[in-house]
Each structure stands twice: as C-alpha cells, then as structure tokens.
>>> print(open('upload-v6.cif').read())   # mmCIF, C-alpha atoms and all ligand atoms; chains and numbers go by the auth columns
data_structure
#
loop_
_atom_site.group_PDB
_atom_site.id
_atom_site.type_symbol
_atom_site.label_atom_id
_atom_site.label_comp_id
_atom_site.label_asym_id
_atom_site.label_seq_id
_atom_site.Cartn_x
_atom_site.Cartn_y
_atom_site.Cartn_z
_atom_site.B_iso_or_equiv
_atom_site.auth_seq_id
_atom_site.auth_asym_id
ATOM 1 C CA LYS A 1 -9.101 -14.708 -11.236 0.00 1 A
ATOM 2 C CA SER A 2 -8.000 -14.380 -7.633 0.00 2 A
ATOM 3 C CA GLY A 3 -4.854 -13.316 -5.866 0.00 3 A
ATOM 4 C CA PHE A 4 -3.030 -11.719 -2.993 0.00 4 A
ATOM 5 C CA VAL A 5 -2.102 -8.091 -2.511 0.00 5 A
ATOM 6 C CA ALA A 6 0.193 -6.535 0.109 0.00 6 A
ATOM 7 C CA LEU A 7 -0.620 -2.939 1.044 0.00 7 A
ATOM 8 C CA ILE A 8 2.414 -1.075 2.403 0.00 8 A
ATOM 9 C CA GLY A 9 3.355 2.482 3.218 0.00 9 A
ATOM 10 C CA ARG A 10 4.489 4.585 6.138 0.00 10 A
ATOM 11 C CA PRO A 11 2.013 5.472 8.917 0.00 11 A
ATOM 12 C CA ASN A 12 -0.811 7.888 8.038 0.00 12 A
ATOM 13 C CA VAL A 13 -0.533 7.611 4.256 0.00 13 A
ATOM 14 C CA GLY A 14 -4.068 6.217 4.211 0.00 14 A
ATOM 15 C CA LYS A 15 -3.740 2.413 4.111 0.00 15 A
ATOM 16 C CA SER A 16 -6.671 1.799 6.461 0.00 16 A
ATOM 17 C CA THR A 17 -8.789 4.393 4.667 0.00 17 A
ATOM 18 C CA LEU A 18 -8.133 2.705 1.321 0.00 18 A
ATOM 19 C CA LEU A 19 -8.968 -0.723 2.715 0.00 19 A
ATOM 20 C CA ASN A 20 -12.100 0.684 4.294 0.00 20 A
ATOM 21 C CA HIS A 21 -13.155 2.091 0.968 0.00 21 A
ATOM 22 C CA VAL A 22 -12.538 -1.176 -0.852 0.00 22 A
ATOM 23 C CA LEU A 23 -13.775 -3.603 1.761 0.00 23 A
ATOM 24 C CA GLY A 24 -16.183 -1.783 4.071 0.00 24 A
ATOM 25 C CA GLN A 25 -16.149 -0.856 7.710 0.00 25 A
ATOM 26 C CA LYS A 26 -15.230 -4.157 9.366 0.00 26 A
ATOM 27 C CA ILE A 27 -11.583 -3.776 8.419 0.00 27 A
ATOM 28 C CA ALA A 28 -10.934 -0.822 10.698 0.00 28 A
ATOM 29 C CA ILE A 29 -11.520 -3.077 13.678 0.00 29 A
ATOM 30 C CA MET A 30 -9.239 -5.826 12.396 0.00 30 A
ATOM 31 C CA SER A 31 -6.355 -3.465 11.681 0.00 31 A
ATOM 32 C CA ASN A 32 -6.300 -2.191 15.262 0.00 32 A
ATOM 33 C CA LYS A 33 -5.001 -5.521 16.557 0.00 33 A
ATOM 34 C CA PRO A 34 -1.346 -5.521 17.614 0.00 34 A
ATOM 35 C CA GLN A 35 1.153 -6.717 15.031 0.00 35 A
ATOM 36 C CA THR A 36 1.995 -10.376 14.948 0.00 36 A
ATOM 37 C CA THR A 37 4.884 -11.999 13.122 0.00 37 A
ATOM 38 C CA ARG A 38 2.543 -14.002 10.873 0.00 38 A
ATOM 39 C CA ASN A 39 0.986 -12.597 7.766 0.00 39 A
ATOM 40 C CA ARG A 40 -2.600 -11.680 8.321 0.00 40 A
ATOM 41 C CA ILE A 41 -5.520 -11.382 5.990 0.00 41 A
ATOM 42 C CA GLN A 42 -6.954 -7.903 6.376 0.00 42 A
ATOM 43 C CA GLY A 43 -9.920 -8.520 4.168 0.00 43 A
ATOM 44 C CA VAL A 44 -11.156 -10.020 0.946 0.00 44 A
ATOM 45 C CA TYR A 45 -12.591 -7.971 -1.890 0.00 45 A
ATOM 46 C CA THR A 46 -14.997 -9.912 -4.079 0.00 46 A
ATOM 47 C CA GLY A 47 -15.672 -8.257 -7.419 0.00 47 A
ATOM 48 C CA ASP A 48 -17.035 -9.347 -10.801 0.00 48 A
ATOM 49 C CA LYS A 49 -13.587 -10.504 -11.893 0.00 49 A
ATOM 50 C CA GLY A 50 -12.696 -12.463 -8.765 0.00 50 A
ATOM 51 C CA GLN A 51 -11.332 -12.201 -5.252 0.00 51 A
ATOM 52 C CA ILE A 52 -8.490 -10.018 -4.062 0.00 52 A
ATOM 53 C CA VAL A 53 -7.077 -10.922 -0.674 0.00 53 A
ATOM 54 C CA PHE A 54 -5.376 -8.041 1.132 0.00 54 A
ATOM 55 C CA ILE A 55 -2.452 -9.114 3.305 0.00 55 A
ATOM 56 C CA ASP A 56 -0.826 -7.157 6.094 0.00 56 A
ATOM 57 C CA THR A 57 2.982 -6.893 6.083 0.00 57 A
ATOM 58 C CA PRO A 58 4.416 -6.800 9.612 0.00 58 A
ATOM 59 C CA GLY A 59 8.042 -5.795 9.741 0.00 59 A
ATOM 60 C CA ILE A 60 7.997 -3.267 6.940 0.00 60 A
ATOM 61 C CA HIS A 61 8.549 -0.334 9.254 0.00 61 A
ATOM 62 C CA LYS A 62 11.888 0.864 10.533 0.00 62 A
ATOM 63 C CA PRO A 63 12.984 -1.521 13.295 0.00 63 A
ATOM 64 C CA LYS A 64 13.302 -0.114 16.817 0.00 64 A
ATOM 65 C CA HIS A 65 15.107 -3.151 18.252 0.00 65 A
ATOM 66 C CA ARG A 66 17.094 -6.249 17.255 0.00 66 A
ATOM 67 C CA LEU A 67 13.954 -8.161 16.369 0.00 67 A
ATOM 68 C CA GLY A 68 13.905 -5.789 13.401 0.00 68 A
ATOM 69 C CA ASP A 69 16.174 -8.003 11.297 0.00 69 A
ATOM 70 C CA PHE A 70 13.855 -10.943 11.808 0.00 70 A
ATOM 71 C CA MET A 71 10.820 -8.831 11.010 0.00 71 A
ATOM 72 C CA THR A 72 12.447 -7.614 7.815 0.00 72 A
ATOM 73 C CA LYS A 73 12.823 -11.230 6.688 0.00 73 A
ATOM 74 C CA ILE A 74 9.143 -11.839 7.400 0.00 74 A
ATOM 75 C CA ALA A 75 8.270 -8.848 5.240 0.00 75 A
ATOM 76 C CA GLN A 76 10.526 -10.183 2.475 0.00 76 A
ATOM 77 C CA ASN A 77 8.652 -13.503 2.579 0.00 77 A
ATOM 78 C CA THR A 78 5.338 -11.723 2.266 0.00 78 A
ATOM 79 C CA PHE A 79 6.565 -9.706 -0.713 0.00 79 A
ATOM 80 C CA ASN A 80 7.517 -12.854 -2.575 0.00 80 A
ATOM 81 C CA GLU A 81 4.249 -14.628 -1.806 0.00 81 A
ATOM 82 C CA VAL A 82 1.816 -11.995 -3.043 0.00 82 A
ATOM 83 C CA ASP A 83 0.835 -11.210 -6.661 0.00 83 A
ATOM 84 C CA VAL A 84 0.947 -7.432 -6.354 0.00 84 A
ATOM 85 C CA ILE A 85 2.443 -4.983 -3.854 0.00 85 A
ATOM 86 C CA LEU A 86 0.699 -1.629 -3.403 0.00 86 A
ATOM 87 C CA PHE A 87 3.114 0.999 -2.126 0.00 87 A
ATOM 88 C CA LEU A 88 0.973 3.844 -0.838 0.00 88 A
ATOM 89 C CA VAL A 89 2.425 7.346 -0.489 0.00 89 A
ATOM 90 C CA ASP A 90 1.011 10.682 0.650 0.00 90 A
ATOM 91 C CA ALA A 91 0.698 13.330 -2.084 0.00 91 A
ATOM 92 C CA LYS A 92 0.238 16.021 0.546 0.00 92 A
ATOM 93 C CA GLU A 93 3.297 15.175 2.665 0.00 93 A
ATOM 94 C CA GLY A 94 5.558 14.209 -0.217 0.00 94 A
ATOM 95 C CA LYS A 95 8.500 11.856 -0.011 0.00 95 A
ATOM 96 C CA GLY A 96 9.889 11.114 3.438 0.00 96 A
ATOM 97 C CA ARG A 97 12.567 8.935 4.990 0.00 97 A
ATOM 98 C CA GLY A 98 9.948 6.325 5.849 0.00 98 A
ATOM 99 C CA ASP A 99 9.330 5.924 2.120 0.00 99 A
ATOM 100 C CA GLU A 100 13.020 5.445 1.384 0.00 100 A
ATOM 101 C CA PHE A 101 13.298 2.772 4.072 0.00 101 A
ATOM 102 C CA ILE A 102 10.432 0.823 2.521 0.00 102 A
ATOM 103 C CA ILE A 103 11.786 1.205 -1.028 0.00 103 A
ATOM 104 C CA GLU A 104 15.083 -0.240 0.235 0.00 104 A
ATOM 105 C CA ARG A 105 13.132 -3.327 1.382 0.00 105 A
ATOM 106 C CA LEU A 106 11.621 -3.665 -2.098 0.00 106 A
ATOM 107 C CA LYS A 107 14.973 -4.062 -3.826 0.00 107 A
ATOM 108 C CA ASN A 108 15.439 -7.661 -5.077 0.00 108 A
ATOM 109 C CA VAL A 109 11.690 -8.279 -4.912 0.00 109 A
ATOM 110 C CA ASN A 110 10.308 -9.759 -8.137 0.00 110 A
ATOM 111 C CA THR A 111 6.633 -9.113 -7.390 0.00 111 A
ATOM 112 C CA PRO A 112 5.163 -6.168 -9.348 0.00 112 A
ATOM 113 C CA VAL A 113 4.956 -3.014 -7.227 0.00 113 A
ATOM 114 C CA PHE A 114 2.367 -0.296 -7.893 0.00 114 A
ATOM 115 C CA LEU A 115 2.985 3.251 -6.699 0.00 115 A
ATOM 116 C CA ILE A 116 -0.295 4.523 -5.278 0.00 116 A
ATOM 117 C CA ILE A 117 -0.247 8.283 -4.735 0.00 117 A
ATOM 118 C CA ASN A 118 -2.983 8.957 -2.199 0.00 118 A
ATOM 119 C CA LYS A 119 -4.781 12.112 -1.015 0.00 119 A
ATOM 120 C CA ILE A 120 -4.983 13.706 -4.467 0.00 120 A
ATOM 121 C CA ASP A 121 -8.127 15.483 -3.239 0.00 121 A
ATOM 122 C CA ASP A 122 -5.813 17.537 -1.028 0.00 122 A
ATOM 123 C CA VAL A 123 -3.191 18.720 -3.558 0.00 123 A
ATOM 124 C CA HIS A 124 -3.110 20.861 -6.697 0.00 124 A
ATOM 125 C CA PRO A 125 -2.944 18.717 -9.870 0.00 125 A
ATOM 126 C CA ASP A 126 0.329 20.448 -10.851 0.00 126 A
ATOM 127 C CA GLU A 127 2.060 18.897 -7.855 0.00 127 A
ATOM 128 C CA LEU A 128 1.439 15.379 -9.098 0.00 128 A
ATOM 129 C CA LEU A 129 3.920 15.114 -11.956 0.00 129 A
ATOM 130 C CA PRO A 130 7.003 16.214 -9.947 0.00 130 A
ATOM 131 C CA LEU A 131 6.036 13.677 -7.291 0.00 131 A
ATOM 132 C CA ILE A 132 5.694 10.900 -9.859 0.00 132 A
ATOM 133 C CA LYS A 133 9.118 11.776 -11.296 0.00 133 A
ATOM 134 C CA GLU A 134 10.725 11.784 -7.868 0.00 134 A
ATOM 135 C CA TYR A 135 9.423 8.349 -6.903 0.00 135 A
ATOM 136 C CA SER A 136 10.039 6.843 -10.353 0.00 136 A
ATOM 137 C CA GLN A 137 13.751 7.560 -9.965 0.00 137 A
ATOM 138 C CA LEU A 138 13.839 5.373 -6.867 0.00 138 A
ATOM 139 C CA TYR A 139 12.108 2.247 -8.120 0.00 139 A
ATOM 140 C CA PRO A 140 10.781 0.683 -11.351 0.00 140 A
ATOM 141 C CA PHE A 141 7.102 0.753 -10.437 0.00 141 A
ATOM 142 C CA LYS A 142 4.912 -1.325 -12.744 0.00 142 A
ATOM 143 C CA GLU A 143 1.958 1.041 -12.436 0.00 143 A
ATOM 144 C CA ILE A 144 1.490 4.510 -11.000 0.00 144 A
ATOM 145 C CA ILE A 145 -2.033 5.330 -9.869 0.00 145 A
ATOM 146 C CA PRO A 146 -3.079 8.566 -8.132 0.00 146 A
ATOM 147 C CA VAL A 147 -6.096 8.035 -5.851 0.00 147 A
ATOM 148 C CA SER A 148 -8.131 9.545 -3.095 0.00 148 A
ATOM 149 C CA ALA A 149 -8.882 6.811 -0.587 0.00 149 A
ATOM 150 C CA LEU A 150 -11.118 9.236 1.266 0.00 150 A
ATOM 151 C CA GLU A 151 -13.303 10.211 -1.672 0.00 151 A
ATOM 152 C CA GLY A 152 -12.796 7.064 -3.701 0.00 152 A
ATOM 153 C CA ASN A 153 -11.291 8.683 -6.810 0.00 153 A
ATOM 154 C CA ASN A 154 -9.603 6.122 -9.065 0.00 154 A
ATOM 155 C CA VAL A 155 -10.095 3.233 -6.637 0.00 155 A
ATOM 156 C CA THR A 156 -12.025 1.285 -9.286 0.00 156 A
ATOM 157 C CA THR A 157 -9.148 1.851 -11.731 0.00 157 A
ATOM 158 C CA LEU A 158 -6.751 0.533 -9.119 0.00 158 A
ATOM 159 C CA LEU A 159 -8.785 -2.649 -8.662 0.00 159 A
ATOM 160 C CA GLU A 160 -8.966 -3.124 -12.460 0.00 160 A
ATOM 161 C CA GLN A 161 -5.192 -2.803 -12.693 0.00 161 A
ATOM 162 C CA ILE A 162 -4.684 -5.350 -9.919 0.00 162 A
ATOM 163 C CA TYR A 163 -6.782 -7.902 -11.837 0.00 163 A
ATOM 164 C CA THR A 164 -4.539 -7.592 -14.882 0.00 164 A
ATOM 165 C CA TYR A 165 -1.642 -8.923 -12.760 0.00 165 A
ATOM 166 C CA LEU A 166 -3.531 -11.913 -11.297 0.00 166 A
HETATM 167 P P1 LIG B . -2.653 4.519 7.742 0.00 201 A
HETATM 168 O O1 LIG B . -1.852 4.798 8.962 0.00 201 A
HETATM 169 O O2 LIG B . -1.764 4.371 6.543 0.00 201 A
HETATM 170 O O3 LIG B . -3.592 3.367 7.903 0.00 201 A
HETATM 171 O O4 LIG B . -3.526 5.845 7.454 0.00 201 A
HETATM 172 P P2 LIG B . -5.072 6.112 7.770 0.00 201 A
HETATM 173 O O5 LIG B . -5.946 5.382 6.804 0.00 201 A
HETATM 174 O O6 LIG B . -5.316 5.873 9.214 0.00 201 A
HETATM 175 O O7 LIG B . -5.184 7.672 7.400 0.00 201 A
HETATM 176 C C1 LIG B . -4.427 8.656 8.086 0.00 201 A
HETATM 177 C C2 LIG B . -5.113 10.008 7.943 0.00 201 A
HETATM 178 O O8 LIG B . -5.135 10.418 6.571 0.00 201 A
HETATM 179 C C3 LIG B . -6.582 9.989 8.383 0.00 201 A
HETATM 180 O O9 LIG B . -6.853 11.200 9.048 0.00 201 A
HETATM 181 C C4 LIG B . -7.345 9.896 7.080 0.00 201 A
HETATM 182 O O10 LIG B . -8.641 10.458 7.154 0.00 201 A
HETATM 183 C C5 LIG B . -6.454 10.691 6.157 0.00 201 A
HETATM 184 N N1 LIG B . -6.621 10.257 4.752 0.00 201 A
HETATM 185 C C6 LIG B . -6.547 9.007 4.262 0.00 201 A
HETATM 186 N N2 LIG B . -6.777 8.984 2.947 0.00 201 A
HETATM 187 C C7 LIG B . -6.999 10.253 2.564 0.00 201 A
HETATM 188 C C8 LIG B . -7.306 10.887 1.302 0.00 201 A
HETATM 189 O O11 LIG B . -7.425 10.268 0.238 0.00 201 A
HETATM 190 N N3 LIG B . -7.462 12.240 1.325 0.00 201 A
HETATM 191 C C9 LIG B . -7.351 12.970 2.458 0.00 201 A
HETATM 192 N N4 LIG B . -7.529 14.291 2.366 0.00 201 A
HETATM 193 N N5 LIG B . -7.075 12.428 3.666 0.00 201 A
HETATM 194 C C10 LIG B . -6.899 11.075 3.710 0.00 201 A
HETATM 195 MG MG MG B . -3.793 1.988 9.465 0.00 202 A
#
>>> encode(input="upload-v6.cif", output="structure tokens")
Amino acid sequence: KSGFVALIGRPNVGKSTLLNHVLGQKIAIMSNKPQTTRNRIQGVYTGDKGQIVFIDTPGIHKPKHRLGDFMTKIAQNTFNEVDVILFLVDAKEGKGRGDEFIIERLKNVNTPVFLIINKIDDVHPDELLPLIKEYSQLYPFKEIIPVSALEGNNVTTLLEQIYTYL
C-alpha cells in the first residue's frame, strides 16, 4: 500500500513536530522554506505496510490579500488529490477561529478527514471528551485520534489508521 496524506492545522498546533516524529529531523529544514503555490512533498514515511507521502497544503490559512481566493482553490485541489487529510488541533489551546476557517475549507471535500488532537501530554484526560464532542459537531471526521507529537504517544496508531484508508 502507498498513498498521500495532507497535514493541516493552524500555526503552532504541532504539525512540524508530528512530521519530525514520523519522518526524522530532515523535515524541519524543508518546512522552513517559504510557501509556494505548488503542492510540496514534505517527506515520505516508509513502514512495513508501505509508503506514506506527506504533502504540504499552501493556501489553507486565512488569506491576507486577494491572492487568498486563488490559494484557497489550490488547497481544494490538494484535498481532492490526497487519500487522507489529517486535521491537527491543539488540546491545550482548544478550538479557535483558525480551526473554524479550516473546517469551512473542508466542506464539500470527499477525502476522509481525521481529527488529530495533539499535545495530550499537556492536558488532563478529562478535558479530552468535551473537546472531541465540540469538534465532532463541526465536521464528520472519519477517525479521531488523540496524540502527543512531542512524546510520540499514539503516533503508531495514527500511522496504522492511515494505512487502512490507502
Ligand atoms: P506547527 O506550527 O503546527 O508546525 O507547530 P510546531 O510543530 O512548530 O509546534 C509548535 C509548538 O508546540 C512547539 O513549541 C512544539 O514544541 C510544541 N508542541 C508540538 N507538539 C507538542 C505536543 O505533543 N506536546 C506539547 N506539550 N507540545 C507540543
Ligand atoms: Mg510548522
């Protein structure tokens, strides 16, 4: 099996940290390049079950200028070309307007979207269920997986779940 995965989420939710954990250190350097309008491969994970190619999604953030409409279309193209979309959120910060903007962009997308609740090392377990309920009301996520990108909790489970959609 092999396939493509888009990793999205507002700034500081831990996207780079998660990729670093999955792929190794080289990715941090790649992700510091300025955004381009073309989809970029951020890295390739090669596991026992096959390859997972992580794709960057320029244009997913709130536009600051008129180019924003164009960028949104680029993001829409990416969403329809990948096998799985990982929507990463911050358990510590909770839901923010940046999240709602991204969820808006996911409407009318047929690709399965996973809700990845990151930074679970930093919150009390009791806070998790209310958060899951809150996000579930906004979008029909195919899978909901709490992780710690920093400590690696549940990252293997996440990869296993991705394979089942490839
Ligand atoms: P990005 O902007 O989405 O790429 O976020 P980064 O990967 O740069 O992470 C932003 C900040 O959150 C950094 O200070 C990370 O160390 C921190 N961070 C990322 N993942 C976790 C996590 O699982 N737990 C905790 N406690 N901090 C995290
Ligand atoms: Mg980053």
>>> atom_distance(input="upload-v6.cif", atom1="atom O7 of ligand LIG 201 (chain A)", atom2="CA of Leu19 in chain A")
10.3 Å
>>> resolve_selection(input="upload-v6.cif", expression="the PyMOL selection byres (((not hetatm)) within 7 of (chain A and resi 201))", output="JSON, numbers by chain")
{"A": [9, 10, 11, 12, 13, 14, 15, 16, 17, 18, 118, 119, 120, 121, 122, 147, 148, 149, 150, 151]}
>>> closest_residue(input="upload-v6.cif", among="A:Gln51, A:Thr57, A:Gln42, A:Gln137", to="Ile162 in chain A", atoms="only C-alpha atoms")
A:Gln51
>>> resolve_selection(input="upload-v6.cif", expression="the PyMOL selection byres (((chain A and resi 100) around 12) and not hetatm)", output="PyMOL selection string")
chain A and resi 9-10+60-62+87+89+94-99+101-107+134-135+137-139
>>> resolve_selection(input="upload-v6.cif", expression="the PyMOL selection byres (((chain A and resi 78) around 9) and not hetatm)", output="PyMOL selection string")
chain A and resi 6+39+55-58+73-77+79-82
>>> closest_residue(input="upload-v6.cif", among="A:Val53, A:Leu88, A:Leu159, A:Leu129", to="ligand MG 202 (chain A)", atoms="all atoms listed in the file")
A:Leu88
>>> atom_distance(input="upload-v6.cif", atom1="CA of Glu143 in chain A", atom2="CA of Phe114 in chain A")
4.8 Å
>>> atom_distance(input="upload-v6.cif", atom1="CA of Pro140 in chain A", atom2="CA of Val123 in chain A")
24.1 Å
>>> closest_residue(input="upload-v6.cif", among="A:Ile8, A:Ile116, A:Leu158, A:Leu166", to="ligand MG 202 (chain A)", atoms="all atoms listed in the file")
A:Ile8
>>> closest_residue(input="upload-v6.cif", among="A:Asp48, A:Lys1, A:Leu7, A:Tyr165", to="ligand MG 202 (chain A)", atoms="only C-alpha atoms and all ligand atoms")
A:Leu7
>>> closest_residue(input="upload-v6.cif", among="A:Gly3, A:Asn110, A:Thr156, A:Asn20", to="ligand MG 202 (chain A)", atoms="all atoms listed in the file")
A:Asn20
>>> residues_around(input="upload-v6.cif", residues="Leu23 in chain A", least_positions_apart="5", cutoff="9 Å", atoms="all atoms listed in the file", output="ChimeraX atom specification")
/A:18,43-46
>>> closest_residue(input="upload-v6.cif", among="A:Val155, A:Gly24, A:Val113, A:Asp90", to="Val5 in chain A", atoms="all atoms listed in the file")
A:Val113
